[in-house]
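Engineer: File name target14.cif; file contents mmCIF, C-alpha atoms; full text below.
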```cif
data_target
#
loop_
_atom_site.label_atom_id
_atom_site.label_comp_id
_atom_site.auth_asym_id
_atom_site.auth_seq_id
_atom_site.Cartn_x
_atom_site.Cartn_y
_atom_site.Cartn_z
CA MET L 1 -22.56 5.04 -8.53
CA LYS L 2 -20.03 2.42 -7.42
CA THR L 3 -17.24 4.58 -8.85
CA PHE L 4 -18.51 7.42 -6.66
CA TRP L 5 -18.20 5.23 -3.54
CA LEU L 6 -14.66 4.22 -4.50
CA ILE L 7 -13.65 7.85 -4.97
CA LEU L 8 -15.30 8.72 -1.64
CA VAL L 9 -13.27 5.98 0.10
CA THR L 10 -10.11 7.36 -1.52
CA ILE L 11 -10.91 10.89 -0.33
CA VAL L 12 -11.60 9.61 3.20
CA TRP L 13 -8.34 7.65 3.30
CA GLY L 14 -6.51 10.71 2.00
CA SER L 15 -7.95 12.77 4.85
CA THR L 16 -6.88 10.26 7.53
CA PHE L 17 -3.18 11.12 7.08
CA LEU L 18 -3.86 14.69 8.15
CA LEU L 19 -5.98 13.61 11.12
CA VAL L 20 -3.42 11.07 12.31
CA LYS L 21 -0.60 13.62 12.03
CA ASP L 22 -2.60 16.14 14.06
CA THR L 23 -3.76 13.61 16.68
CA VAL L 24 -0.38 11.93 17.26
CA ALA L 25 0.97 15.26 18.47
CA THR L 26 -1.07 14.85 21.68
CA VAL L 27 -2.08 11.16 21.83
CA ASN L 28 0.17 8.08 22.08
CA GLU L 29 0.56 6.43 18.67
CA TYR L 30 -0.39 2.96 19.92
CA LEU L 31 -3.45 4.34 21.71
CA ILE L 32 -4.55 5.85 18.39
CA VAL L 33 -4.23 2.48 16.67
CA PHE L 34 -6.03 0.74 19.56
CA ILE L 35 -8.99 3.13 19.59
CA ARG L 36 -9.53 3.15 15.81
CA SER L 37 -9.23 -0.67 15.66
CA ALA L 38 -11.42 -1.24 18.74
CA LEU L 39 -14.18 1.02 17.43
CA ALA L 40 -14.17 -0.84 14.12
CA PHE L 41 -14.16 -4.22 15.91
CA VAL L 42 -17.11 -3.42 18.20
CA ALA L 43 -19.24 -2.20 15.30
CA MET L 44 -18.24 -5.17 13.13
CA PHE L 45 -18.82 -7.67 15.95
CA ILE L 46 -22.35 -6.38 16.58
CA PHE L 47 -23.06 -6.57 12.85
CA GLN L 48 -21.85 -10.17 12.71
CA LEU L 49 -23.95 -11.14 15.73
CA LEU L 50 -27.04 -9.81 14.02
CA LYS L 51 -26.20 -11.14 10.55
CA ASN L 52 -24.65 -14.57 11.11
CA LYS L 53 -23.23 -15.21 14.57
CA LYS L 54 -22.35 -18.83 13.72
CA GLN L 55 -19.57 -17.59 11.43
CA LEU L 56 -17.85 -16.06 14.47
CA LEU L 57 -17.09 -19.64 15.58
CA ASN L 58 -15.14 -20.24 12.37
CA LYS L 59 -11.64 -21.24 13.53
CA LYS L 60 -10.00 -20.50 10.19
CA ALA L 61 -11.47 -17.01 10.17
CA PHE L 62 -10.10 -16.43 13.66
CA VAL L 63 -6.58 -17.57 12.71
CA TYR L 64 -6.50 -15.72 9.39
CA GLY L 65 -8.01 -12.60 10.91
CA SER L 66 -5.50 -12.65 13.77
CA ILE L 67 -2.56 -12.80 11.37
CA LEU L 68 -3.96 -9.95 9.30
CA GLY L 69 -4.72 -8.00 12.48
CA VAL L 70 -1.11 -8.16 13.64
CA LEU L 71 0.00 -6.88 10.24
CA MET L 72 -2.66 -4.16 10.32
CA ALA L 73 -1.47 -3.00 13.76
CA MET L 74 2.13 -2.91 12.52
CA ALA L 75 1.15 -0.92 9.42
CA TYR L 76 -1.00 1.57 11.35
CA ALA L 77 1.60 1.99 14.10
CA SER L 78 4.57 2.53 11.76
CA GLN L 79 2.52 4.95 9.64
CA THR L 80 1.41 6.87 12.75
CA ILE L 81 4.95 7.08 14.16
CA GLY L 82 6.28 8.09 10.75
CA LEU L 83 3.81 10.95 10.57
CA LYS L 84 5.48 12.48 13.63
CA TYR L 85 8.52 13.22 11.48
CA THR L 86 7.31 13.49 7.89
CA SER L 87 4.57 15.22 5.91
CA THR L 88 1.17 13.77 5.04
CA GLY L 89 2.08 13.79 1.34
CA HIS L 90 5.32 11.87 1.89
CA SER L 91 3.57 9.31 4.09
CA ALA L 92 0.74 8.73 1.62
CA PHE L 93 2.92 8.38 -1.49
CA ILE L 94 5.35 6.02 0.26
CA THR L 95 2.47 3.90 1.60
CA SER L 96 0.90 3.68 -1.86
CA SER L 97 4.09 2.11 -3.25
CA ALA L 98 3.06 -1.12 -1.48
CA VAL L 99 1.22 -2.12 -4.66
CA ILE L 100 4.55 -2.45 -6.47
CA VAL L 101 6.05 -4.57 -3.67
CA VAL L 102 3.32 -7.22 -3.95
CA PRO L 103 4.66 -9.02 -7.10
CA PHE L 104 8.06 -9.46 -5.44
CA ILE L 105 6.54 -10.95 -2.30
CA LEU L 106 4.59 -13.34 -4.51
CA TYR L 107 7.82 -14.23 -6.35
CA PHE L 108 10.00 -14.88 -3.30
CA PHE L 109 7.41 -16.71 -1.19
CA TYR L 110 4.98 -18.23 -3.69
CA LYS L 111 7.20 -18.69 -6.76
CA SER L 112 5.05 -16.47 -8.97
CA LYS L 113 6.77 -15.19 -12.10
CA LEU L 114 8.00 -11.63 -12.38
CA SER L 115 7.47 -9.77 -15.63
CA GLU L 116 9.33 -6.95 -17.34
CA ILE L 117 6.46 -4.71 -16.26
CA ASP L 118 7.29 -5.37 -12.61
CA PHE L 119 10.95 -4.42 -13.02
CA ILE L 120 10.20 -1.32 -15.11
CA THR L 121 7.59 0.04 -12.71
CA VAL L 122 9.71 -0.77 -9.65
CA THR L 123 12.53 1.24 -11.23
CA ILE L 124 10.17 4.18 -11.83
CA VAL L 125 8.74 4.02 -8.30
CA SER L 126 12.21 3.62 -6.73
CA LEU L 127 13.41 6.73 -8.54
CA GLY L 128 10.28 8.52 -7.38
CA LEU L 129 10.85 7.43 -3.78
CA PHE L 130 14.44 8.65 -3.93
CA LEU L 131 13.43 12.08 -5.20
CA LEU L 132 10.54 12.31 -2.74
CA THR L 133 12.36 11.22 0.39
CA TYR L 134 16.07 11.99 -0.03
CA ASP L 135 17.33 15.39 1.01
CA PHE L 136 20.84 16.02 -0.32
CA GLU L 137 21.63 18.17 2.70
CA THR L 138 20.20 16.08 5.55
CA SER L 139 19.97 12.60 3.98
CA ILE L 140 16.78 10.55 4.49
CA ASN L 141 14.01 11.81 6.73
CA PRO L 142 13.56 9.26 9.58
CA GLY L 143 9.79 9.54 9.19
CA ASP L 144 10.06 8.46 5.54
CA LEU L 145 12.25 5.52 6.54
CA ILE L 146 9.75 4.39 9.19
CA THR L 147 6.92 4.71 6.68
CA THR L 148 8.66 2.26 4.32
CA ILE L 149 7.88 -0.36 7.00
CA THR L 150 4.23 0.56 6.50
CA ALA L 151 4.47 -0.03 2.75
CA ILE L 152 6.17 -3.42 3.15
CA THR L 153 3.79 -4.56 5.91
CA TYR L 154 0.78 -3.41 3.92
CA ALA L 155 2.06 -5.31 0.85
CA VAL L 156 2.33 -8.52 2.90
CA HIS L 157 -1.16 -7.84 4.25
CA LEU L 158 -2.53 -7.47 0.70
CA VAL L 159 -1.00 -10.77 -0.40
CA LEU L 160 -2.23 -12.76 2.60
CA ALA L 161 -5.68 -11.13 2.62
CA GLY L 162 -6.15 -12.04 -1.04
CA ARG L 163 -5.47 -15.68 -0.18
CA TYR L 164 -7.34 -15.87 3.11
CA VAL L 165 -10.67 -14.46 1.87
CA LYS L 166 -10.86 -17.37 -0.58
CA LYS L 167 -10.55 -19.90 2.24
CA SER L 168 -12.98 -18.57 4.85
CA ASP L 169 -15.81 -16.13 5.58
CA THR L 170 -14.69 -12.62 4.61
CA LEU L 171 -16.67 -10.64 7.20
CA SER L 172 -15.51 -12.89 10.05
CA ILE L 173 -11.90 -12.49 8.94
CA ILE L 174 -12.32 -8.70 8.94
CA THR L 175 -13.96 -8.81 12.40
CA TYR L 176 -11.11 -10.81 13.92
CA GLN L 177 -8.60 -8.67 12.08
CA PHE L 178 -9.87 -5.60 13.93
CA PHE L 179 -9.91 -7.58 17.18
CA ALA L 180 -6.29 -8.73 16.82
CA ALA L 181 -5.15 -5.23 15.83
CA SER L 182 -6.87 -3.90 18.96
CA VAL L 183 -5.15 -6.44 21.22
CA VAL L 184 -1.67 -5.93 19.73
CA SER L 185 -1.90 -2.13 19.87
CA LEU L 186 -3.31 -2.24 23.42
CA ILE L 187 -0.34 -4.32 24.58
CA ALA L 188 2.07 -1.95 22.82
CA TRP L 189 0.39 1.03 24.49
CA LEU L 190 0.53 -0.59 27.95
CA PHE L 191 4.28 -1.13 27.58
CA THR L 192 5.21 2.24 26.07
CA ASP L 193 3.09 4.82 27.88
CA ASN L 194 2.41 5.90 31.45
CA LEU L 195 -1.27 5.16 30.77
CA SER L 196 -2.36 8.71 31.42
CA ILE L 197 -5.21 9.38 28.97
CA GLN L 198 -5.74 13.00 28.08
CA ILE L 199 -7.76 13.28 24.90
CA SER L 200 -9.16 16.63 23.84
CA MET L 201 -12.56 17.00 22.18
CA LYS L 202 -10.83 17.60 18.83
CA ALA L 203 -8.66 14.47 19.17
CA GLY L 204 -11.67 12.45 20.32
CA LEU L 205 -13.69 13.41 17.26
CA SER L 206 -10.70 12.60 15.05
CA LEU L 207 -10.42 9.14 16.63
CA LEU L 208 -14.13 8.49 16.11
CA TYR L 209 -13.73 9.46 12.44
CA LEU L 210 -10.63 7.27 12.05
CA GLY L 211 -12.31 4.26 13.63
CA LEU L 212 -15.82 4.38 12.21
CA ILE L 213 -15.31 6.18 8.89
CA GLY L 214 -11.62 5.85 7.97
CA THR L 215 -11.44 2.18 8.98
CA LEU L 216 -14.83 0.43 9.24
CA PHE L 217 -16.79 2.31 6.57
CA CYS L 218 -13.95 2.17 4.04
CA TYR L 219 -13.44 -1.56 4.55
CA PHE L 220 -17.14 -2.23 4.06
CA ILE L 221 -17.33 -0.21 0.86
CA THR L 222 -14.13 -1.71 -0.54
CA VAL L 223 -15.27 -5.31 0.03
CA TRP L 224 -18.72 -4.56 -1.45
CA VAL L 225 -17.55 -2.62 -4.52
CA GLN L 226 -14.84 -5.12 -5.52
CA LYS L 227 -17.58 -7.63 -6.27
CA TYR L 228 -18.82 -5.43 -9.12
CA VAL L 229 -15.84 -3.31 -10.26
CA SER L 230 -12.68 -4.57 -11.98
CA SER L 231 -9.52 -4.74 -9.91
CA LEU L 232 -7.80 -2.44 -12.42
CA LYS L 233 -10.36 0.31 -11.89
CA VAL L 234 -10.15 -0.12 -8.10
CA VAL L 235 -6.35 0.15 -8.03
CA ILE L 236 -6.30 3.17 -10.34
CA ILE L 237 -8.89 5.03 -8.26
CA PHE L 238 -7.11 4.09 -5.03
CA SER L 239 -3.90 5.48 -6.55
CA LEU L 240 -5.46 8.90 -6.03
CA GLU L 241 -5.28 8.46 -2.24
CA PRO L 242 -1.85 10.13 -1.85
CA VAL L 243 -2.98 12.91 -4.19
CA PHE L 244 -5.92 13.69 -1.89
CA ALA L 245 -3.62 13.42 1.14
CA ALA L 246 -1.27 16.00 -0.39
CA ILE L 247 -4.23 18.26 -1.24
CA PHE L 248 -5.53 18.11 2.34
CA GLY L 249 -2.03 18.76 3.65
CA TYR L 250 -1.61 21.78 1.40
CA PHE L 251 -4.94 23.47 2.11
CA VAL L 252 -5.27 22.64 5.82
CA ILE L 253 -1.73 22.86 7.22
CA GLN L 254 0.07 24.48 4.28
CA GLU L 255 2.39 21.57 3.51
CA ILE L 256 4.20 22.34 0.27
CA MET L 257 6.30 20.03 -1.91
CA ASN L 258 9.29 21.43 -3.75
CA TRP L 259 9.88 20.51 -7.40
CA LYS L 260 12.08 17.53 -6.51
CA GLU L 261 9.48 16.09 -4.13
CA LEU L 262 6.65 16.78 -6.56
CA THR L 263 8.55 15.03 -9.36
CA GLY L 264 9.14 12.05 -7.08
CA ALA L 265 5.47 11.92 -6.07
CA LEU L 266 4.35 12.03 -9.72
CA LEU L 267 6.78 9.23 -10.64
CA ILE L 268 5.37 7.04 -7.85
CA LEU L 269 1.82 7.75 -9.00
CA ALA L 270 2.76 7.09 -12.64
CA GLY L 271 4.51 3.84 -11.72
CA ILE L 272 1.46 2.55 -9.85
CA ILE L 273 -0.97 3.42 -12.64
CA ILE L 274 1.29 2.07 -15.41
CA HIS L 275 1.82 -1.15 -13.44
CA SER L 276 -1.93 -1.62 -12.96
CA ILE L 277 -2.82 -0.98 -16.61
CA LEU L 278 -0.03 -3.03 -18.22
CA LYS L 279 -0.39 -5.88 -15.72
CA ASN L 280 -4.12 -6.07 -16.42
CA LYS L 281 -3.55 -6.12 -20.20
CA ARG L 282 -0.92 -8.83 -19.81
CA MET L 283 -3.27 -11.00 -17.73
CA LYS L 284 -6.03 -10.59 -20.34
CA PHE L 285 -3.59 -11.57 -23.10
CA ILE L 286 -2.49 -14.71 -21.23
CA LEU L 287 -6.07 -15.74 -20.55
CA LYS L 288 -6.94 -15.18 -24.23
CA GLN L 289 -3.99 -17.33 -25.35
CA ASN L 290 -5.09 -20.17 -23.05
CA THR L 291 -8.69 -20.21 -24.30
#
```
Let me see whether you can do it: turn the structure in this file into structure tokens.
Structural biologist:
Amino acid sequence: MKTFWLILVTIVWGSTFLLVKDTVATVNEYLIVFIRSALAFVAMFIFQLLKNKKQLLNKKAFVYGSILGVLMAMAYASQTIGLKYTSTGHSAFITSSAVIVVPFILYFFYKSKLSEIDFITVTIVSLGLFLLTYDFETSINPGDLITTITAITYAVHLVLAGRYVKKSDTLSIITYQFFAASVVSLIAWLFTDNLSIQISMKAGLSLLYLGLIGTLFCYFITVWVQKYVSSLKVVIIFSLEPVFAAIFGYFVIQEIMNWKELTGALLILAGIIIHSILKNKRMKFILKQNT
């Protein structure tokens, strides 16, 4: 049953790329990030008030959540802007490569050791990214380049979130994360738009879905399921996110990948899965040797 919920989250996240691409055509990118973050914050804040309002006074949770919120706003904004110029499939596969960036962030900032697995899979993913994003006639798509910022920002977010949740209340951190993302994106919107809000019924429904289902619901399920399911299984299932994004893009707006792009996408997917499996086996071997 828990596997079902993980797959459902992956399908939902895959669908958000299509909705963001469609919505950003008529709505300011920072307004999109603000609305989806604000909706998630309001719902989460009410939940916290009813569940344990004392935790909202946790200063560490506020600081950690604020840092993560700024990173979340940057990731959402760069991904949304990138989708103006690139396909949903490209955006999703590039974003998913963040998993491979994490070991290098840990190495450079926390002195963690890098293994052969890291270098091999980074090579595979890098080749995949090149084939997916580089056009020999027009060079690199600017949307793909912008989306690499999303992958790097998301990788930093993953590293810090993994450390912060061990030091403070998880739900409070998530609440303040949504709050900070709302504030940052609101400020960005105020400085980059003429503040004229014209949101169609279709865009409004998409924003409700992005905020309450694509953001809040998925975060809740992810936090809950990871208490019972191995990290390897979670990462492998989440690796299907770009696959679902490409499927939605193909069937809904007829986005098609050529053989070069498809090969690149498959290499990225293979690199992520291989990295997860081999890294997990290596960790088990080390733990066994130390016991």
Engineer: Out of L:Ser78, L:Ser276, L:Thr150, L:Gln48, which residue has the shortest atom-to-atom distance to L:Ile173 when counting only C-alpha atoms?
Structural biologist: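 Closest residue, counting only C-alpha atoms: L:Gln48.
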Engineer: Go through L:Ser168, L:Thr86, L:Ser206, L:Ser185 one by one, measure the shortest atom-to-atom distance of each to L:Val33 using all atoms listed in the file, and give the residue with the smallest value.
Structural biologist: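 The shortest atom-to-atom distance to L:Val33 comes from L:Ser185.
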Engineer: When you count all atoms listed in the file, which of these residues is closest to L:Ser97: L:His275, L:Lys59, L:Lys260, L:Lys53?
Structural biologist: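 Result for the nearest residue to L:Ser97: L:His275.
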Engineer: Please identify all polymer residues within 8 Å of L:Asp118, counting only C-alpha atoms, omitting same-chain residues fewer than 4 positions from it, and present them as a list in words.
Structural biologist: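 In the requested form, the answer reads Ile100, Pro103, Leu114, Val122 and His275 of chain L.
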Engineer: Mind telling me what the PyMOL selection byres ((chain L and resi 45) around 12) catches here, as a count of residues only?
Structural biologist: 29
Engineer: Which value, in Å to one decimal, gives the distance between atom CA of L:Leu129 and atom CA of L:Ser87?
Structural biologist: 13.9 Å
Engineer: One number please: atom CA of L:Ser96 to atom CA of L:Pro242, in Å, one decimal.
Structural biologist: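 Separating atom CA of L:Ser96 from atom CA of L:Pro242 is a distance of 7.0 Å.
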Engineer: Quick one: distance from atom CA of L:Leu106 to atom CA of L:Gly14 in Å, one decimal?
Structural biologist: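 A separation of 27.3 Å between them.
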Engineer: Evaluate the PyMOL selection byres ((chain L and resi 60) around 9) on the structure here and hand back the selected residues as a list in words.
Structural biologist: Leu57, Asn58, Lys59, Ala61, Phe62, Val63, Tyr64, Gly65, Tyr164, Lys167, Ser168, Asp169 and Ile173 of chain L
Engineer: So, counting all atoms listed in the file, which residue among L:Val235, L:Met72, L:Val225, L:Val101 is closest to L:Met1?
Structural biologist: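 Under the stated criterion, the closest residue is L:Val225.
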Engineer: Just the residues within 12 Å of stretch 268-274 of chain L, please, counting all atoms listed in the file, with nothing from its chain fewer than 4 positions along; format it as a ChimeraX atom specification.
Structural biologist: /L:89-90,92-102,117-133,232-243,261-264,278-282
Engineer: Suppose we keep C-alpha atoms; can you now write the selection as a compact mmCIF listing (two decimals), keeping the file's coordinate frame?
Structural biologist:
```
# COMPACT_ATOMS: atom_id res chain seq x y z
CA GLY L 89 2.08 13.79 1.34
CA HIS L 90 5.32 11.87 1.89
CA ALA L 92 0.74 8.73 1.62
CA PHE L 93 2.92 8.38 -1.49
CA ILE L 94 5.35 6.02 0.26
CA THR L 95 2.47 3.90 1.60
CA SER L 96 0.90 3.68 -1.86
CA SER L 97 4.09 2.11 -3.25
CA ALA L 98 3.06 -1.12 -1.48
CA VAL L 99 1.22 -2.12 -4.66
CA ILE L 100 4.55 -2.45 -6.47
CA VAL L 101 6.05 -4.57 -3.67
CA VAL L 102 3.32 -7.22 -3.95
CA ILE L 117 6.46 -4.71 -16.26
CA ASP L 118 7.29 -5.37 -12.61
CA PHE L 119 10.95 -4.42 -13.02
CA ILE L 120 10.20 -1.32 -15.11
CA THR L 121 7.59 0.04 -12.71
CA VAL L 122 9.71 -0.77 -9.65
CA THR L 123 12.53 1.24 -11.23
CA ILE L 124 10.17 4.18 -11.83
CA VAL L 125 8.74 4.02 -8.30
CA SER L 126 12.21 3.62 -6.73
CA LEU L 127 13.41 6.73 -8.54
CA GLY L 128 10.28 8.52 -7.38
CA LEU L 129 10.85 7.43 -3.78
CA PHE L 130 14.44 8.65 -3.93
CA LEU L 131 13.43 12.08 -5.20
CA LEU L 132 10.54 12.31 -2.74
CA THR L 133 12.36 11.22 0.39
CA LEU L 232 -7.80 -2.44 -12.42
CA LYS L 233 -10.36 0.31 -11.89
CA VAL L 234 -10.15 -0.12 -8.10
CA VAL L 235 -6.35 0.15 -8.03
CA ILE L 236 -6.30 3.17 -10.34
CA ILE L 237 -8.89 5.03 -8.26
CA PHE L 238 -7.11 4.09 -5.03
CA SER L 239 -3.90 5.48 -6.55
CA LEU L 240 -5.46 8.90 -6.03
CA GLU L 241 -5.28 8.46 -2.24
CA PRO L 242 -1.85 10.13 -1.85
CA VAL L 243 -2.98 12.91 -4.19
CA GLU L 261 9.48 16.09 -4.13
CA LEU L 262 6.65 16.78 -6.56
CA THR L 263 8.55 15.03 -9.36
CA GLY L 264 9.14 12.05 -7.08
CA LEU L 278 -0.03 -3.03 -18.22
CA LYS L 279 -0.39 -5.88 -15.72
CA ASN L 280 -4.12 -6.07 -16.42
CA LYS L 281 -3.55 -6.12 -20.20
CA ARG L 282 -0.92 -8.83 -19.81
```
Engineer: Residues at most 9 Å from L:Tyr76, counting only C-alpha atoms, excluding those fewer than 3 positions away in the same chain, as a list of chain:residue names?
Structural biologist: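 Answer for this query is L:Glu29, L:Tyr30, L:Ile32, L:Val33, L:Leu71, L:Met72, L:Ala73, L:Gln79, L:Thr80, L:Ile81, L:Thr150.
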Engineer: Between L:Thr222, L:Val159, L:Gly204, L:Ser91, single out the one closest to L:Ser112, counting only C-alpha atoms.
Structural biologist: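 So, comparing all the options, the nearest one is L:Val159.
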Engineer: Nearest residue to L:Leu83 out of L:Thr10, L:Val165, L:Gly249, L:Ile67, using all atoms listed in the file?
Structural biologist: L:Gly249
Engineer: To test your reading of the syntax: which residues would the PyMOL selection byres ((chain L and resi 13) around 8) return for the file shown? Reply as a PyMOL selection string.
Structural biologist: chain L and resi 9-12+14-17+214+218+241+245
Engineer: Would you compute, for all listed atoms of stretch 163-181 of chain L, the axis-aligned bounding box grown by 8 Å on each side, and then report its centre and edge lengths in Å rounded to one decimal, as lines of an AutoDock Vina configuration file?
Structural biologist:
```
center_x = -10.9
center_y = -12.6
center_z = 8.3
size_x = 27.5
size_y = 30.7
size_z = 33.8
```
Engineer: Could you complete stretch 40-54 of chain L so that it carries N, CA and C atoms, and give it back as a compact mmCIF listing (two decimals), keeping the file's coordinate frame?
Structural biologist:
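Writing done, so here's part_31.txt:
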```txt
# COMPACT_ATOMS: atom_id res chain seq x y z
N ALA L 40 -13.79 -0.06 15.30
CA ALA L 40 -14.17 -0.84 14.12
C ALA L 40 -14.57 -2.26 14.52
N PHE L 41 -13.85 -2.85 15.47
CA PHE L 41 -14.16 -4.22 15.91
C PHE L 41 -15.53 -4.30 16.57
N VAL L 42 -15.82 -3.39 17.49
CA VAL L 42 -17.11 -3.42 18.20
C VAL L 42 -18.27 -3.32 17.21
N ALA L 43 -18.18 -2.37 16.29
CA ALA L 43 -19.24 -2.20 15.30
C ALA L 43 -19.37 -3.44 14.42
N MET L 44 -18.24 -3.99 14.00
CA MET L 44 -18.24 -5.17 13.13
C MET L 44 -18.76 -6.40 13.87
N PHE L 45 -18.40 -6.53 15.14
CA PHE L 45 -18.82 -7.67 15.95
C PHE L 45 -20.33 -7.67 16.13
N ILE L 46 -20.90 -6.50 16.43
CA ILE L 46 -22.35 -6.38 16.58
C ILE L 46 -23.05 -6.74 15.27
N PHE L 47 -22.49 -6.26 14.16
CA PHE L 47 -23.06 -6.57 12.85
C PHE L 47 -23.06 -8.06 12.59
N GLN L 48 -21.96 -8.73 12.92
CA GLN L 48 -21.85 -10.17 12.71
C GLN L 48 -22.81 -10.95 13.60
N LEU L 49 -23.00 -10.48 14.83
CA LEU L 49 -23.95 -11.14 15.73
C LEU L 49 -25.36 -11.10 15.17
N LEU L 50 -25.71 -9.98 14.58
CA LEU L 50 -27.04 -9.81 14.02
C LEU L 50 -27.21 -10.53 12.69
N LYS L 51 -26.12 -10.58 11.90
CA LYS L 51 -26.20 -11.14 10.55
C LYS L 51 -26.03 -12.66 10.55
N ASN L 52 -24.94 -13.13 11.12
CA ASN L 52 -24.65 -14.57 11.11
C ASN L 52 -23.64 -14.89 12.21
N LYS L 53 -24.13 -15.03 13.43
CA LYS L 53 -23.23 -15.21 14.57
C LYS L 53 -22.49 -16.55 14.54
N LYS L 54 -23.03 -17.53 13.80
CA LYS L 54 -22.35 -18.83 13.72
C LYS L 54 -20.98 -18.71 13.06
```
